[in-house]
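Working notes for the structure below.
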Amino acid sequence: MSDKDQLTMPELTDRIEGFFAEVPSLLAGVEGTVARGKAYREALYDAGLAGLDVPREYGGAGCGPTAKALFAKLSRGHVPEEDDIFTIGLGMAMPTLLEFGAEHLRRRYVEPALRGEEIWCQMYSEPGAGSDLASLQTRALRTANGWVINGQKIWTSRAELAQFAICLARTDVDVPKHKGITMFVVPMDQPGVTVRPIRQITGAFEFNEVFLDDVVVPDDHVVGEVDRGWPVAVALMQNERSAIGAGGGRRPVPFEMLRDLVHDRGRATDPGIRAALADCYIGQRLAQLVSELEAESVDAGKPLSAETSLGKLWRSTNGRAAAALVSEVAFAAGASWKPGDDREDWAFAVLDACALSLGGGTDEVQKNSIAEKVLGLPRDPYRTDKVPFRDLTVGTQRG
Ligand SMILES: Cc1cc2nc3c(=O)[nH]c(=O)nc-3n(C[C@H](O)[C@H](O)[C@H](O)COP(=O)(O)OP(=O)(O)OC[C@H]3O[C@@H](n4cnc5c(N)ncnc54)[C@H](O)[C@@H]3O)c2cc1C
């Protein structure tokens, strides 16, 4: 099934269902996160199902957003978790390159990402620039040999696996902070890029500090225009929120597992637990419905907007509610467990849940965005729109 002929929706449905019926045997015996993720992606590409909405000239199937939405619906619960290593590349970096990138960047990077040959990371956050991302201090200077970047990034998911990064750096300090930012594609495998893993409360290492010391980036690896990277950065974040809202990246505890847990621990007749379980079901359905409405809107030709914060917010709110229920039911007799104990996996789910409301922008930031850009409420009063960046007191920049 390697052809990419235009399929009717019933044919596409058959193809997707047929593909997922074969996935367990495809992955049988394949060990390790990267190997399993790549095996899945390669098979998806060969089945003509990778990048359903990506134009054919860039390696996609060229079937449009309806096909993508159909895939999202039919694949729910069947995609191996190892595919998450591609979420940043496919859900964030590639849509941004397709919308804002120069032709040579699209031709070079989109197809290998769809095939699962290259992994991407997102170098936005810095120690002094998280929610207030526009305060970033990483500098890029233009030289005769291209751009030279210096600075520090943090919380960079999957930088330890990535060959490429989407990176924001400051290219002009004499203008207000939202101006003078440029987006780059940075090859990670080069001297000057140091990736240091950060150990999380769960024991996992899946994000990193990244130090950039005289890192060289080709002149033509700017995405969009020099000094005008902020709107491009925002567009990427909308894709990020949409991808998370649709279930990409970190996964909350699935409802079916919650329901089984409540039954197995004999708590199904407890009124408080029943109400909490019903709330989790409602939250999960709402997150799905918001995501489906968004897909319909894209299908109708509307661009992504600040409304993507709705899906992201529902996903994180619901994920934390699920974790709270787990902690009440699985740990009713105390919060301790032994390695190998059946509560170990539940402990991971509980400890990991706080990340849902941080990654991709915090819940408060999503609410600010909905308040200002969707509801039209007055903007944050503490704005510095008129002050040149070099005069701001941000991060390590003091006076
Ligand atoms: C699992 C995970 C993965 C991540 N992956 C990446 C990645 O791959 N690449 C990357 O660049 N970053 C990544 N991040 C970083 C993430 O984007 C930041 O953690 C997030 O933007 C918050 O920034 P901060 O941690 O600096 O917190 P801060 O911005 O310091 O916020 C601290 C608290 O203050 C609140 N706050 C801040 N400003 C306001 C405001 N104006 N109004 C109301 N409340 C406010 C916040 O909501 C938060 O509760 C990841 C984070 C997590 C947890």
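Ligands are numbered from 1 in the order shown, chains are lettered A, B, ... in the order of the structure tokens, and residues start at 1 in each chain.
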What residues of the protein or nucleic acid chains come within 8 Å of ligand 1 when you use only C-alpha atoms and all ligand atoms? Reply as a PyMOL selection string.
chain A and resi 88+121-133+153-159+207+250+354-365+368+380
What would the file look like if the residues just selected were written as an mmCIF file, in the first residue's frame with N, CA and C atoms?
data_model
loop_
_atom_site.group_PDB
_atom_site.id
_atom_site.type_symbol
_atom_site.label_atom_id
_atom_site.label_comp_id
_atom_site.auth_asym_id
_atom_site.auth_seq_id
_atom_site.Cartn_x
_atom_site.Cartn_y
_atom_site.Cartn_z
ATOM 1 N N ILE A 88 6.990 16.916 18.392
ATOM 2 C CA ILE A 88 7.483 18.284 18.160
ATOM 3 C C ILE A 88 7.773 18.495 16.680
ATOM 4 N N CYS A 121 13.416 19.004 18.217
ATOM 5 C CA CYS A 121 13.056 19.558 19.521
ATOM 6 C C CYS A 121 12.764 21.052 19.363
ATOM 7 N N GLN A 122 12.245 21.639 20.445
ATOM 8 C CA GLN A 122 11.817 23.040 20.409
ATOM 9 C C GLN A 122 12.611 23.821 21.454
ATOM 10 N N MET A 123 13.477 24.712 20.998
ATOM 11 C CA MET A 123 14.283 25.487 21.945
ATOM 12 C C MET A 123 13.694 26.895 22.078
ATOM 13 N N TYR A 124 12.654 26.985 22.919
ATOM 14 C CA TYR A 124 12.000 28.255 23.226
ATOM 15 C C TYR A 124 12.404 28.710 24.637
ATOM 16 N N SER A 125 11.991 27.918 25.663
ATOM 17 C CA SER A 125 12.126 28.353 27.062
ATOM 18 C C SER A 125 13.580 28.551 27.478
ATOM 19 N N GLU A 126 13.768 29.517 28.367
ATOM 20 C CA GLU A 126 15.084 29.795 28.961
ATOM 21 C C GLU A 126 14.882 29.954 30.469
ATOM 22 N N PRO A 127 15.976 29.921 31.238
ATOM 23 C CA PRO A 127 15.802 30.075 32.688
ATOM 24 C C PRO A 127 15.046 31.361 33.046
ATOM 25 N N GLY A 128 15.196 32.422 32.266
ATOM 26 C CA GLY A 128 14.491 33.669 32.577
ATOM 27 C C GLY A 128 13.358 33.977 31.621
ATOM 28 N N ALA A 129 12.929 33.012 30.837
ATOM 29 C CA ALA A 129 11.872 33.275 29.850
ATOM 30 C C ALA A 129 11.051 32.017 29.621
ATOM 31 N N GLY A 130 9.930 31.906 30.371
ATOM 32 C CA GLY A 130 9.019 30.771 30.198
ATOM 33 C C GLY A 130 7.689 31.316 29.710
ATOM 34 N N SER A 131 6.799 31.650 30.666
ATOM 35 C CA SER A 131 5.521 32.278 30.279
ATOM 36 C C SER A 131 5.798 33.584 29.541
ATOM 37 N N ASP A 132 6.775 34.329 30.038
ATOM 38 C CA ASP A 132 7.149 35.586 29.374
ATOM 39 C C ASP A 132 8.241 35.271 28.343
ATOM 40 N N LEU A 133 7.854 34.501 27.351
ATOM 41 C CA LEU A 133 8.825 33.984 26.380
ATOM 42 C C LEU A 133 9.563 35.088 25.628
ATOM 43 N N LYS A 153 19.074 27.323 26.824
ATOM 44 C CA LYS A 153 17.664 26.915 26.782
ATOM 45 C C LYS A 153 17.414 25.913 27.904
ATOM 46 N N ILE A 154 16.138 25.734 28.257
ATOM 47 C CA ILE A 154 15.810 24.785 29.325
ATOM 48 C C ILE A 154 14.467 24.113 29.046
ATOM 49 N N TRP A 155 14.253 22.989 29.698
ATOM 50 C CA TRP A 155 13.037 22.169 29.536
ATOM 51 C C TRP A 155 12.885 21.708 28.083
ATOM 52 N N THR A 156 13.987 21.476 27.402
ATOM 53 C CA THR A 156 13.919 21.146 25.977
ATOM 54 C C THR A 156 13.631 19.648 25.830
ATOM 55 N N SER A 157 12.348 19.342 25.597
ATOM 56 C CA SER A 157 11.935 17.938 25.494
ATOM 57 C C SER A 157 12.644 17.274 24.340
ATOM 58 N N ARG A 158 13.164 16.100 24.606
ATOM 59 C CA ARG A 158 13.754 15.223 23.593
ATOM 60 C C ARG A 158 14.969 15.790 22.873
ATOM 61 N N ALA A 159 15.607 16.829 23.464
ATOM 62 C CA ALA A 159 16.835 17.346 22.843
ATOM 63 C C ALA A 159 17.897 16.254 22.794
ATOM 64 N N PHE A 207 13.485 15.687 29.428
ATOM 65 C CA PHE A 207 13.826 17.014 28.942
ATOM 66 C C PHE A 207 15.162 17.453 29.506
ATOM 67 N N ARG A 250 2.473 14.279 25.895
ATOM 68 C CA ARG A 250 2.221 13.616 27.180
ATOM 69 C C ARG A 250 0.747 13.182 27.288
ATOM 70 N N CYS A 354 1.507 16.872 36.886
ATOM 71 C CA CYS A 354 1.692 18.327 36.986
ATOM 72 C C CYS A 354 2.293 18.890 35.698
ATOM 73 N N ALA A 355 3.040 18.060 34.967
ATOM 74 C CA ALA A 355 3.662 18.533 33.719
ATOM 75 C C ALA A 355 2.620 18.938 32.681
ATOM 76 N N LEU A 356 1.421 18.330 32.774
ATOM 77 C CA LEU A 356 0.384 18.627 31.772
ATOM 78 C C LEU A 356 0.012 20.098 31.760
ATOM 79 N N SER A 357 0.050 20.724 32.946
ATOM 80 C CA SER A 357 -0.387 22.122 32.977
ATOM 81 C C SER A 357 0.787 23.092 32.827
ATOM 82 N N LEU A 358 1.977 22.589 32.463
ATOM 83 C CA LEU A 358 3.129 23.472 32.229
ATOM 84 C C LEU A 358 3.574 23.430 30.767
ATOM 85 N N GLY A 359 3.864 22.221 30.282
ATOM 86 C CA GLY A 359 4.363 22.078 28.908
ATOM 87 C C GLY A 359 3.366 22.656 27.907
ATOM 88 N N GLY A 360 3.875 23.405 26.921
ATOM 89 C CA GLY A 360 2.981 24.015 25.931
ATOM 90 C C GLY A 360 2.345 25.291 26.438
ATOM 91 N N GLY A 361 2.837 25.794 27.580
ATOM 92 C CA GLY A 361 2.267 27.012 28.172
ATOM 93 C C GLY A 361 1.380 26.641 29.334
ATOM 94 N N THR A 362 1.495 27.378 30.447
ATOM 95 C CA THR A 362 0.765 27.015 31.667
ATOM 96 C C THR A 362 -0.742 27.284 31.513
ATOM 97 N N ASP A 363 -1.498 26.719 32.458
ATOM 98 C CA ASP A 363 -2.953 26.933 32.434
ATOM 99 C C ASP A 363 -3.278 28.425 32.515
ATOM 100 N N GLU A 364 -2.517 29.144 33.354
ATOM 101 C CA GLU A 364 -2.785 30.590 33.521
ATOM 102 C C GLU A 364 -2.531 31.330 32.199
ATOM 103 N N VAL A 365 -1.487 30.914 31.499
ATOM 104 C CA VAL A 365 -1.179 31.560 30.216
ATOM 105 C C VAL A 365 -2.279 31.267 29.191
ATOM 106 N N ASN A 368 -5.117 33.534 30.076
ATOM 107 C CA ASN A 368 -4.840 34.908 29.628
ATOM 108 C C ASN A 368 -5.104 35.038 28.137
ATOM 109 N N ASP A 380 -3.051 42.527 29.392
ATOM 110 C CA ASP A 380 -2.239 42.584 30.598
ATOM 111 C C ASP A 380 -1.689 44.003 30.784
#
Would you mind writing down, as number ranges by chain, each residue of stretch 74-242 of chain A that DSSP on the backbone assigns to strand (DSSP E)?
A: 120-123, 139-143, 146-157, 164-170, 181-187, 193-198, 207-217, 222-223
Export, as a short mmCIF file (atom, residue, chain, number, x, y, z; two decimals), in the first residue's frame, the selected residues with N, CA and C atoms.
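Just written: selection_3.cif:
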data_model
loop_
_atom_site.label_atom_id
_atom_site.label_comp_id
_atom_site.auth_asym_id
_atom_site.auth_seq_id
_atom_site.Cartn_x
_atom_site.Cartn_y
_atom_site.Cartn_z
N TRP A 120 12.97 16.11 16.09
CA TRP A 120 13.10 17.55 16.33
C TRP A 120 12.83 17.89 17.80
N CYS A 121 13.42 19.00 18.22
CA CYS A 121 13.06 19.56 19.52
C CYS A 121 12.76 21.05 19.36
N GLN A 122 12.24 21.64 20.45
CA GLN A 122 11.82 23.04 20.41
C GLN A 122 12.61 23.82 21.45
N MET A 123 13.48 24.71 21.00
CA MET A 123 14.28 25.49 21.95
C MET A 123 13.69 26.90 22.08
N ARG A 139 21.28 34.99 22.10
CA ARG A 139 21.60 35.97 21.05
C ARG A 139 22.06 35.26 19.79
N ALA A 140 21.68 35.81 18.65
CA ALA A 140 22.20 35.34 17.36
C ALA A 140 22.81 36.52 16.64
N LEU A 141 24.05 36.36 16.22
CA LEU A 141 24.74 37.43 15.49
C LEU A 141 25.06 36.95 14.08
N ARG A 142 24.85 37.83 13.13
CA ARG A 142 25.13 37.46 11.73
C ARG A 142 26.62 37.65 11.46
N THR A 143 27.25 36.65 10.87
CA THR A 143 28.67 36.76 10.49
C THR A 143 28.81 36.41 9.01
N GLY A 146 27.59 32.80 8.37
CA GLY A 146 26.25 32.41 8.84
C GLY A 146 25.99 33.04 10.19
N TRP A 147 24.99 32.49 10.90
CA TRP A 147 24.63 33.02 12.22
C TRP A 147 25.40 32.30 13.31
N VAL A 148 25.77 33.04 14.36
CA VAL A 148 26.43 32.42 15.51
C VAL A 148 25.53 32.65 16.72
N ILE A 149 25.16 31.54 17.37
CA ILE A 149 24.18 31.63 18.47
C ILE A 149 24.84 31.28 19.80
N ASN A 150 24.53 32.09 20.81
CA ASN A 150 25.00 31.86 22.18
C ASN A 150 23.85 32.04 23.16
N GLY A 151 23.76 31.12 24.13
CA GLY A 151 22.71 31.27 25.14
C GLY A 151 22.40 29.94 25.81
N GLN A 152 21.35 29.96 26.63
CA GLN A 152 20.94 28.73 27.31
C GLN A 152 19.44 28.52 27.17
N LYS A 153 19.07 27.32 26.82
CA LYS A 153 17.66 26.92 26.78
C LYS A 153 17.41 25.91 27.90
N ILE A 154 16.14 25.73 28.26
CA ILE A 154 15.81 24.78 29.33
C ILE A 154 14.47 24.11 29.05
N TRP A 155 14.25 22.99 29.70
CA TRP A 155 13.04 22.17 29.54
C TRP A 155 12.89 21.71 28.08
N THR A 156 13.99 21.48 27.40
CA THR A 156 13.92 21.15 25.98
C THR A 156 13.63 19.65 25.83
N SER A 157 12.35 19.34 25.60
CA SER A 157 11.94 17.94 25.49
C SER A 157 12.64 17.27 24.34
N PHE A 164 17.57 18.05 14.98
CA PHE A 164 17.33 19.46 14.64
C PHE A 164 16.44 20.11 15.69
N ALA A 165 16.59 21.44 15.79
CA ALA A 165 15.75 22.21 16.72
C ALA A 165 15.17 23.41 16.01
N ILE A 166 13.96 23.74 16.43
CA ILE A 166 13.42 25.06 16.12
C ILE A 166 13.84 25.93 17.28
N CYS A 167 14.55 27.02 17.00
CA CYS A 167 15.15 27.81 18.09
C CYS A 167 14.80 29.29 17.91
N LEU A 168 14.42 29.94 19.02
CA LEU A 168 14.21 31.38 19.00
C LEU A 168 15.43 32.07 19.59
N ALA A 169 15.89 33.11 18.92
CA ALA A 169 17.03 33.88 19.46
C ALA A 169 16.82 35.36 19.16
N ARG A 170 17.46 36.18 19.99
CA ARG A 170 17.32 37.62 19.82
C ARG A 170 18.35 38.12 18.82
N ILE A 181 13.24 39.35 17.45
CA ILE A 181 13.40 37.90 17.69
C ILE A 181 13.35 37.20 16.34
N THR A 182 14.21 36.19 16.16
CA THR A 182 14.24 35.45 14.89
C THR A 182 14.15 33.95 15.18
N MET A 183 13.46 33.23 14.29
CA MET A 183 13.37 31.77 14.43
C MET A 183 14.39 31.10 13.51
N PHE A 184 15.11 30.11 14.05
CA PHE A 184 16.13 29.39 13.28
C PHE A 184 15.86 27.88 13.32
N VAL A 185 16.36 27.21 12.27
CA VAL A 185 16.50 25.75 12.32
C VAL A 185 17.95 25.48 12.70
N VAL A 186 18.15 24.83 13.85
CA VAL A 186 19.52 24.59 14.35
C VAL A 186 19.87 23.11 14.27
N PRO A 187 20.92 22.76 13.51
CA PRO A 187 21.40 21.36 13.54
C PRO A 187 22.02 21.10 14.92
N VAL A 193 26.96 22.67 20.93
CA VAL A 193 25.64 22.30 21.47
C VAL A 193 25.86 21.27 22.58
N THR A 194 25.54 21.66 23.81
CA THR A 194 25.69 20.73 24.95
C THR A 194 24.31 20.45 25.53
N VAL A 195 23.95 19.18 25.56
CA VAL A 195 22.63 18.79 26.05
C VAL A 195 22.79 18.08 27.39
N ARG A 196 22.19 18.65 28.44
CA ARG A 196 22.29 18.02 29.77
C ARG A 196 20.91 17.61 30.24
N PRO A 197 20.71 16.31 30.46
CA PRO A 197 19.37 15.84 30.88
C PRO A 197 18.98 16.36 32.25
N ILE A 198 17.69 16.57 32.44
CA ILE A 198 17.15 16.96 33.75
C ILE A 198 16.34 15.77 34.27
N PHE A 207 13.48 15.69 29.43
CA PHE A 207 13.83 17.01 28.94
C PHE A 207 15.16 17.45 29.51
N ASN A 208 15.65 18.58 28.97
CA ASN A 208 17.07 18.89 29.11
C ASN A 208 17.32 20.38 29.24
N GLU A 209 18.54 20.68 29.72
CA GLU A 209 19.10 22.02 29.53
C GLU A 209 19.93 21.93 28.25
N VAL A 210 19.91 22.97 27.45
CA VAL A 210 20.76 22.99 26.25
C VAL A 210 21.59 24.27 26.28
N PHE A 211 22.91 24.10 26.22
CA PHE A 211 23.82 25.24 26.20
C PHE A 211 24.32 25.44 24.77
N LEU A 212 24.22 26.67 24.31
CA LEU A 212 24.62 26.99 22.93
C LEU A 212 25.83 27.93 22.99
N ASP A 213 26.98 27.41 22.62
CA ASP A 213 28.22 28.20 22.66
C ASP A 213 28.80 28.32 21.27
N ASP A 214 28.66 29.53 20.69
CA ASP A 214 29.16 29.78 19.33
C ASP A 214 28.64 28.73 18.33
N VAL A 215 27.38 28.44 18.43
CA VAL A 215 26.76 27.47 17.52
C VAL A 215 26.51 28.14 16.17
N VAL A 216 26.92 27.46 15.10
CA VAL A 216 26.83 28.08 13.77
C VAL A 216 25.60 27.56 13.03
N VAL A 217 24.86 28.49 12.47
CA VAL A 217 23.65 28.13 11.73
C VAL A 217 23.74 28.77 10.34
N VAL A 222 17.01 30.57 8.51
CA VAL A 222 16.04 31.42 9.21
C VAL A 222 14.64 31.02 8.74
N VAL A 223 13.69 30.89 9.70
CA VAL A 223 12.30 30.59 9.32
C VAL A 223 11.52 31.91 9.37
#
Would you give me, as CSV, each residue of stretch 296-328 of chain A having an atom within 12 Å of an atom of stretch 333-342 of chain A, along with its shortest atom pair and that distance in Å to one decimal, using only C-alpha atoms and sorting by chain and residue number?
residue,atom,partner,partner_atom,distance
A:Val326,CA,A:Ala335,CA,11.1
A:Ser327,CA,A:Ala335,CA,7.8
A:Glu328,CA,A:Ala333,CA,9.1
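Of the residues under consideration (A:Val23, A:Gly64, A:Asp84, A:Gly59), A:Gly59 shows the shortest atom-to-atom contact distance to A:Arg107 when counting only C-alpha atoms.
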Which is closer to A:Ala332 than all the others in A:Pro303, A:Pro381, A:Pro271, A:Gly266, using only C-alpha atoms?
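So, comparing all the options, the nearest one is A:Gly266.
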I'd like the contact shell of A:Pro80 - 8 Å cut-off, only C-alpha atoms, skipping same-chain residues fewer than 2 positions apart - returned as a PDB file with N, CA and C atoms, in the first residue's frame.
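As written to disk, selection_30.pdb reads:
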ATOM      1  N   GLY A  37       9.469   3.746  17.742  1.00  0.00           N
ATOM      2  CA  GLY A  37       8.882   4.951  17.145  1.00  0.00           C
ATOM      3  C   GLY A  37       9.186   5.009  15.650  1.00  0.00           C
ATOM      4  N   TYR A  40       7.277   2.353  13.568  1.00  0.00           N
ATOM      5  CA  TYR A  40       5.867   2.731  13.375  1.00  0.00           C
ATOM      6  C   TYR A  40       5.743   3.803  12.287  1.00  0.00           C
ATOM      7  N   HIS A  78      -4.787   3.661  19.452  1.00  0.00           N
ATOM      8  CA  HIS A  78      -4.013   2.635  18.739  1.00  0.00           C
ATOM      9  C   HIS A  78      -2.575   3.048  18.445  1.00  0.00           C
ATOM     10  N   GLU A  82       5.485   5.326  21.713  1.00  0.00           N
ATOM     11  CA  GLU A  82       6.818   5.727  21.246  1.00  0.00           C
ATOM     12  C   GLU A  82       6.739   6.760  20.128  1.00  0.00           C
ATOM     13  N   ASP A  83       5.564   6.885  19.494  1.00  0.00           N
ATOM     14  CA  ASP A  83       5.408   7.893  18.431  1.00  0.00           C
ATOM     15  C   ASP A  83       5.509   9.310  18.987  1.00  0.00           C
TER      16      ASP A  83
END
Report the closest atom pair, with its distance in Å rounded to one decimal, for each residue of stretch 285-317 of chain A that has an atom no farther than 12 Å from stretch 51-57 of chain A; count only C-alpha atoms, sort by chain and then rising residue number, and write it as CSV.
residue,atom,partner,partner_atom,distance
A:Ala295,CA,A:Asp53,CA,11.5
A:Val298,CA,A:Asp53,CA,10.8
A:Asp299,CA,A:Asp53,CA,10.0
Please write the residues from the selection above to a file, keeping C-alpha atoms, as a compact mmCIF listing (two decimals), in the first residue's frame.
# COMPACT_ATOMS: atom_id res chain seq x y z
CA ALA A 295 -10.41 20.11 12.98
CA VAL A 298 -9.47 24.00 9.78
CA ASP A 299 -11.27 21.81 7.27
Between atom CA of A:Met237 and atom CA of A:Arg320 lies a distance of 21.5 Å
From a backbone DSSP assignment, name each residue in stretch 132-339 of chain A labelled helix (DSSP H, G or I), as an MDAnalysis selection string.
chainID A and resid 133:135 219:221 230:245 255:264 271:299 308:330
Could you tell me which of A:Pro388, A:Gly376, A:Pro252, A:Pro112 comes closest to A:Arg41 if we count only C-alpha atoms?
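Among the listed residues, the smallest separation from A:Arg41 belongs to A:Pro112.
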Of A:Tyr45, A:Phe100, A:Tyr58, A:Phe331, the one sitting nearest A:Pro231 when using only C-alpha atoms is A:Phe100
Have a look at A:Ala324, A:Ala67, A:Leu289, A:Leu236 and name the one nearest to A:Leu258; count only C-alpha atoms.
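Smallest separation from A:Leu258 among the options: A:Ala324.
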